[in-house]
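Colleague: Have a look at this one.
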Amino acid sequence: MQDWADWALDTAKSRGATYADVRVMDIRHRNLSTKNGQVGNLSESQSLGLGVRALASGSWGFAATDRLTREGISACAAEAVSIARASALAKLHDVVMVPEQAYIDTWQNPYVKDPFRISMERQLDHLLAADAEMRKVKGVTLAETSMAFCRIEQLFASSIGSRIHQTKVQSGAGIVATSFAGTEIQKRSYPNSFGGQHMLAGYELVESLDLVGNAQRVGEEAVALHSAIQCPEGTKTIILDSSQLGLQIHESIGHPIELDRVLGMEANFAGMSFLTLEKLNTLKYGSDIVNVVADARLAHGPGLGTFGYDDEGVPAQCTDIIKNGLFTGYLSNRETAVSIGLKRSGGTMRTESWNRLPIIRMTNISIHPGKWKYDDLIADTDDAIYMETNRSWSIDDRRYHFQFSTEVGWEIKGGKKGRMIKHPSYSGITTEFWNSCDAICSRDHWTLWGTPNCGKGQPMQTMGTGHGAAPARFRKVKVGVAFAK
Amino acid sequence: MLTQSELRRIAERVFKLSDADETEVMIDATSDALTRFANNTIHQNVAEQGLTISVRTVFDGRTARATTNRTDDESLARVVAASATIAKSQAKIPHMLPMPGPQKIQRVARFFDSTANFTAQDRAKAVARVCAASTKRKQTVAGIFTTGAMQSALVNSKGLFLSHEQTRAEFSVTVLDPDSSGWQKANSPDVTKIFPDALADRAAEKSQASRKPTEAPPGHYAVILEPAAVLDLVGFLFYDFAGTAVLDQRSCFNNRMGKQVMGPNITIWDDVYHPLQTGAPFDGEGLPRQKVLLVDRGTPRNLVYARATAKQMPSEFKARATGHGFPLPNEYGEAPMNLVFEGGKASLDEMIASTPRGILVTRLWYIREVDPYEKILTGMTRDGTFLIEGGKLAGGIRNFRFNQSVIEMLSNVEAMGPSVRAAGEESFEMVVPAMKVNNFHFSEVTKF
């Protein structure tokens, strides 16, 4: 990898690049799934290639190749510079970046059991066992399970002298029971939707999830939803479980704080952000108990947004995003940091693969836990709906108005959890919603969730992001909107 | 792109390394480039070249796939071995059929040298013109101009050899004013059929025309959906036409096949050969894609099937393989990928003129499924939403959230325009018309 990176940088420099960086990435995936007792997918893939980013004539160019010969790599680097010069045809001003020092370092996330050394037979048996448990429940019409593993070994090298070698191992697993009856398709997922729980971890994560132990409950809840009461329409107190709160954070905090989006760079596709620059340090984003960070450090947890260095060679950091309800920080890179007067990038440039340009992405965007024990929060709540596990999610292109629905809800009446509710949904305006938060559960109920499939960019890239959250209560929220006539 | 001989040589090397009962090789080559602009300048400009070799082996009724992007002998040996190891690690797969032999495929011509040879400089010049025009109008422009070529080959040890080459060009543009925006997008295999300046001008007109938006109350409206908006809604139906989805009881057409559930003016085909369609004329197993009548005057009539799915369907479906299967192994079976809606004759102006009070929608955004059986979708309007009053456009309005059943929507289509190749964001390209739909439910309004 080192030689390849050097060839690319040498060529970029010789063609007149004033800055260049290279990512050599070796990416290995293993995916398993079952459906109704049969194998759905069993596959492995490996992809090795290199991407070069070059600054020439004050503009950016990027080229990627998997032809890893000297000739192929030099041609790729030369193309990156040529593309940069083409970009300059529409230049308004030269690209300016905040400085960053060079690093020579190695980083790897800790894990106990290499998932690629566990036999596929053993992994498949585990899934089939959970599948079988779900199908024992009468009324379950579809039982699905999945595991996904990824290992990325990468070298980052830059013309300022960085040489950073990182290895990330990621694991994830989940189960879904679906029940079709009458005119309803109901489902329950465990431990989360989007393929379950995913972390920067080894196979020990999968073992800790106890898929088999939860399978029967998941099947029973899917069937029970048919006879649950319909979610009422109106304005109510809601309590979101930690996985749904994690997605709420992702959509209504994580995306709007991306500084490239704020500055208009995503306008054609993902949209813009209501968090215009004058709102920094002035906007009351949430209530006083809402504290949110963007933290890529391992100390925060082995989340999908954890790394040693971002993909433009900046060390992982923690940035305060919301402090006691006040909006205090964006996700930035070396180029956008200039526009808000930061002396340093927030270190959030990430790329999916060697053939994609790094762009600003969420890291681990997490809400600090509060003080409440879960049982005490329920007991303290007179009339509410408890909503669990995301089913649908939608938000406008400035990240103001959202609507979410969950797989299941429960009535809370007089401090007790009661009847099951089907089709729970809620909507709101981002800042009004977060300002209505009046209770957050404690660290004991806090989970660092992994969202493996965040899409952004043109061409599209998928990225894993982490979201730490505990159950939380929100007042005066519009509910039942999705099925309102 | 690889020559036919190069493709055969790679496949033959794989076959020599394999001791499987049957072996299949998929070779995909891509060469793509994308110029991205925002704030009236190019801010990202990328190009990639890549090759993947995907090997499937079959051992006594068990199959699995392994993929690499390396073509050296060691890497090919490794990927063949990986496929074999995985295949042997599972029980026999019921309903698995032998690989097909040579097939007769109707050729399609979707590769244009004009697109394959389009350079970064060519894209940058077009974008520079669009940016300059926007600056002159005192508007802000953002978008992409992308061109590329791809090649897919499917070869198996039973003598099947198929390849498909295609180019692709796309221009998408958003023009912004302080309180409004407009959007347009077009794609085609032939870059000479893409007109960036005209698309940008139209987006600019929409942005200008929707300045100082007012707020219309949520409710049920007559809505005129431009083709991109129609595409992004009806695209959510595509997997419901899969035989496997019906077998799994997760299709909105379960218990609805043969019953009229949409308006009699709705007829939908899957037709890869339609002149406005793109894609390969064969499926993931190498079978020729057939033209299938999915919805016949409002009645869902036929599904699509991979070979194995067809064998599992209950006899009343009279299922036969239609050439829509995904590469094996997979749990989803098949899907129609070349949807064509029969359109009408009404122009957009005629539809607007016929509407006493309604909404004109340019595009929709962040659409997600709320109820999979009633097919209720939610999402937002975006980039050019207008009030219609007395048969005329009456200015821009703040964007709406909708919650609407697509099946119900397709029962309330009052008029349609001619079908065109549409490009959106939530679905792959299809051939769909603009539609005037009655009683469309906008449930809430956002702040812009």
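Chain labels run A, B, ... following the order of the structure tokens; each chain numbers its residues from 1, and ligands are numbered from 1 in the order shown.
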Just need the residues of chain A within 7 Å of chain B, counting only C-alpha atoms, so spit them out as number ranges by chain.

Modeller: A: 35, 40-48, 60-66, 83, 86-87, 89-92, 120-121, 141-142, 180, 183-185, 264-265, 267-268, 355, 392-396, 401, 482

Colleague: Among region 343-378 of chain A, which ones does DSSP assign to strand (DSSP E or B) (computed from the backbone)? Answer as a PyMOL selection string.

Modeller: chain A and resi 349-350+359-360+364-367+372

Colleague: Can you spit out the residues from that selection as a short mmCIF file (atom, residue, chain, number, x, y, z; two decimals), in the first residue's frame, using C-alpha atoms?

Modeller:
data_model
loop_
_atom_site.label_atom_id
_atom_site.label_comp_id
_atom_site.auth_asym_id
_atom_site.auth_seq_id
_atom_site.Cartn_x
_atom_site.Cartn_y
_atom_site.Cartn_z
CA MET A 349 -14.41 13.65 6.42
CA ARG A 350 -15.29 10.05 5.64
CA ILE A 359 -17.22 14.16 2.31
CA ILE A 360 -18.47 15.49 5.64
CA ASN A 364 -21.12 9.33 16.58
CA ILE A 365 -23.83 11.93 17.18
CA SER A 366 -25.07 11.17 20.67
CA ILE A 367 -27.24 12.71 23.33
CA TRP A 372 -34.03 9.17 35.10
#

Colleague: Name the closest residue to Asp21 (chain A) among the candidates A:Phe156, A:Tyr103, A:Trp354, A:Phe116; distances are taken between atoms, counting only C-alpha atoms.

Modeller: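 Nearest to Asp21 (chain A): A:Phe156.
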
Colleague: If we count only C-alpha atoms and set the cut-off at 8 Å, which residues sit around Thr319 (chain A), ignoring sequence neighbours fewer than 4 positions away in its own chain? Please answer as a ChimeraX atom specification.

Modeller: /A:293-295,329-330,346

Colleague: May I have the residues from that selection written out with N, CA and C atoms, as a compact mmCIF listing (two decimals), in the first residue's frame?

Modeller:
# COMPACT_ATOMS: atom_id res chain seq x y z
N VAL A 293 -23.28 15.61 21.42
CA VAL A 293 -21.90 15.73 20.95
C VAL A 293 -21.74 14.96 19.64
N ALA A 294 -20.70 15.35 18.89
CA ALA A 294 -20.22 14.56 17.75
C ALA A 294 -18.86 14.05 18.19
N ASP A 295 -18.79 12.75 18.45
CA ASP A 295 -17.58 12.22 19.08
C ASP A 295 -17.10 10.98 18.35
N GLY A 329 -22.21 23.78 17.63
CA GLY A 329 -21.17 23.23 16.75
C GLY A 329 -21.70 22.56 15.51
N TYR A 330 -20.88 22.60 14.45
CA TYR A 330 -21.17 21.92 13.19
C TYR A 330 -20.21 20.74 13.01
N GLY A 346 -13.03 19.84 12.22
CA GLY A 346 -13.65 18.98 13.22
C GLY A 346 -13.41 17.51 12.96

Colleague: Where in region 1-75 of chain A does DSSP assign helix (DSSP H, G or I), given as a list in words?

Modeller: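 Selection result, helix (DSSP H, G or I) within region 1-75 of chain A: Gln2, Asp3, Trp4, Ala5, Asp6, Trp7, Ala8, Leu9, Asp10, Thr11, Ala12, Lys13, Ser14, Arg70, Glu71, Gly72, Ile73, Ser74 and Ala75 of chain A.
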
Colleague: Output N, CA and C atoms of each residue in that selection to a file, as a compact mmCIF listing (two decimals), in the first residue's frame.

Modeller:
# COMPACT_ATOMS: atom_id res chain seq x y z
N GLN A 2 1.95 1.21 0.73
CA GLN A 2 2.82 2.39 0.85
C GLN A 2 3.37 2.82 -0.52
N ASP A 3 3.84 1.85 -1.28
CA ASP A 3 4.40 2.17 -2.60
C ASP A 3 3.32 2.76 -3.50
N TRP A 4 2.16 2.14 -3.49
CA TRP A 4 1.08 2.65 -4.34
C TRP A 4 0.77 4.11 -4.01
N ALA A 5 0.68 4.39 -2.70
CA ALA A 5 0.38 5.76 -2.28
C ALA A 5 1.47 6.72 -2.74
N ASP A 6 2.72 6.28 -2.61
CA ASP A 6 3.83 7.15 -3.01
C ASP A 6 3.81 7.42 -4.51
N TRP A 7 3.53 6.38 -5.32
CA TRP A 7 3.45 6.60 -6.76
C TRP A 7 2.39 7.65 -7.09
N ALA A 8 1.25 7.54 -6.41
CA ALA A 8 0.14 8.46 -6.69
C ALA A 8 0.53 9.89 -6.31
N LEU A 9 1.12 10.05 -5.14
CA LEU A 9 1.48 11.40 -4.69
C LEU A 9 2.57 12.00 -5.57
N ASP A 10 3.54 11.17 -5.94
CA ASP A 10 4.63 11.67 -6.79
C ASP A 10 4.08 12.18 -8.12
N THR A 11 3.18 11.41 -8.70
CA THR A 11 2.62 11.83 -9.99
C THR A 11 1.80 13.10 -9.84
N ALA A 12 0.99 13.15 -8.80
CA ALA A 12 0.14 14.34 -8.61
C ALA A 12 1.02 15.58 -8.47
N LYS A 13 2.09 15.43 -7.70
CA LYS A 13 2.99 16.58 -7.47
C LYS A 13 3.67 16.97 -8.78
N SER A 14 4.11 15.97 -9.54
CA SER A 14 4.83 16.28 -10.77
C SER A 14 3.91 16.92 -11.80
N ARG A 70 2.00 0.42 -11.46
CA ARG A 70 2.59 1.77 -11.45
C ARG A 70 1.92 2.63 -12.53
N GLU A 71 1.71 2.01 -13.66
CA GLU A 71 1.10 2.73 -14.79
C GLU A 71 -0.33 3.13 -14.46
N GLY A 72 -1.09 2.17 -13.90
CA GLY A 72 -2.49 2.45 -13.59
C GLY A 72 -2.63 3.53 -12.54
N ILE A 73 -1.78 3.50 -11.52
CA ILE A 73 -1.87 4.47 -10.44
C ILE A 73 -1.43 5.84 -10.92
N SER A 74 -0.36 5.88 -11.69
CA SER A 74 0.10 7.18 -12.22
C SER A 74 -0.96 7.80 -13.12
N ALA A 75 -1.59 6.98 -13.94
CA ALA A 75 -2.65 7.50 -14.82
C ALA A 75 -3.80 8.05 -13.99

Colleague: If we count only C-alpha atoms, what is near Met362 (chain A) at a cut-off of 10 Å, once residues fewer than 5 positions away on the same chain are taken out, given as a list in words?

Modeller: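 Near neighbours after the sequence-gap exclusion: His250, Ile253, Gly254, His255, Ile257, Glu258, Ala294, Asp295, Ala296, Leu304, Gly305, Leu331, Ser332, Thr348, Met349, Arg350, Cys454, Met463, Gly464, Thr465, Gly466 and His467 of chain A.
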
Colleague: If you count only C-alpha atoms, which residues fall within 9 Å of Lys138 (chain B), apart from same-chain ones fewer than 4 positions away, as a VMD selection string?

Modeller: chain B and resid 133 to 134 177

Colleague: Dump C-alpha atoms for the selected residues as a PDB file, in the first residue's frame?

Modeller:
ATOM      1  CA  ALA B 133     -25.962  32.327 -16.421  1.00  0.00           C
ATOM      2  CA  SER B 134     -27.106  31.833 -12.862  1.00  0.00           C
ATOM      3  CA  ASP B 177     -33.529  32.303  -4.809  1.00  0.00           C
TER       4      ASP B 177
END

Colleague: Set the distance at 9 Å and use only C-alpha atoms: which residues neighbour Thr381 (chain A) once local chain neighbours fewer than 3 positions away are removed? I'd like the list as a list in words.

Modeller: Thr237, Asp376, Leu377, Ile378, Ala384, Ile412, Lys413, Gly414, Gly415, Lys416 and Arg473 of chain A

Colleague: Taking into account only C-alpha atoms, which residue in the set A:Ser353, A:Thr431, A:Gln461, A:Thr451 is nearest to Gly246 (chain A)?

Modeller: A:Thr451

Colleague: Quick one: of B:Gly384, B:Gly396, B:Gly298, B:Gly325, who's nearest to Glu285 (chain B), counting only C-alpha atoms?

Modeller: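 Among B:Gly384, B:Gly396, B:Gly298, B:Gly325, it is B:Gly325 that comes nearest to Glu285 (chain B).
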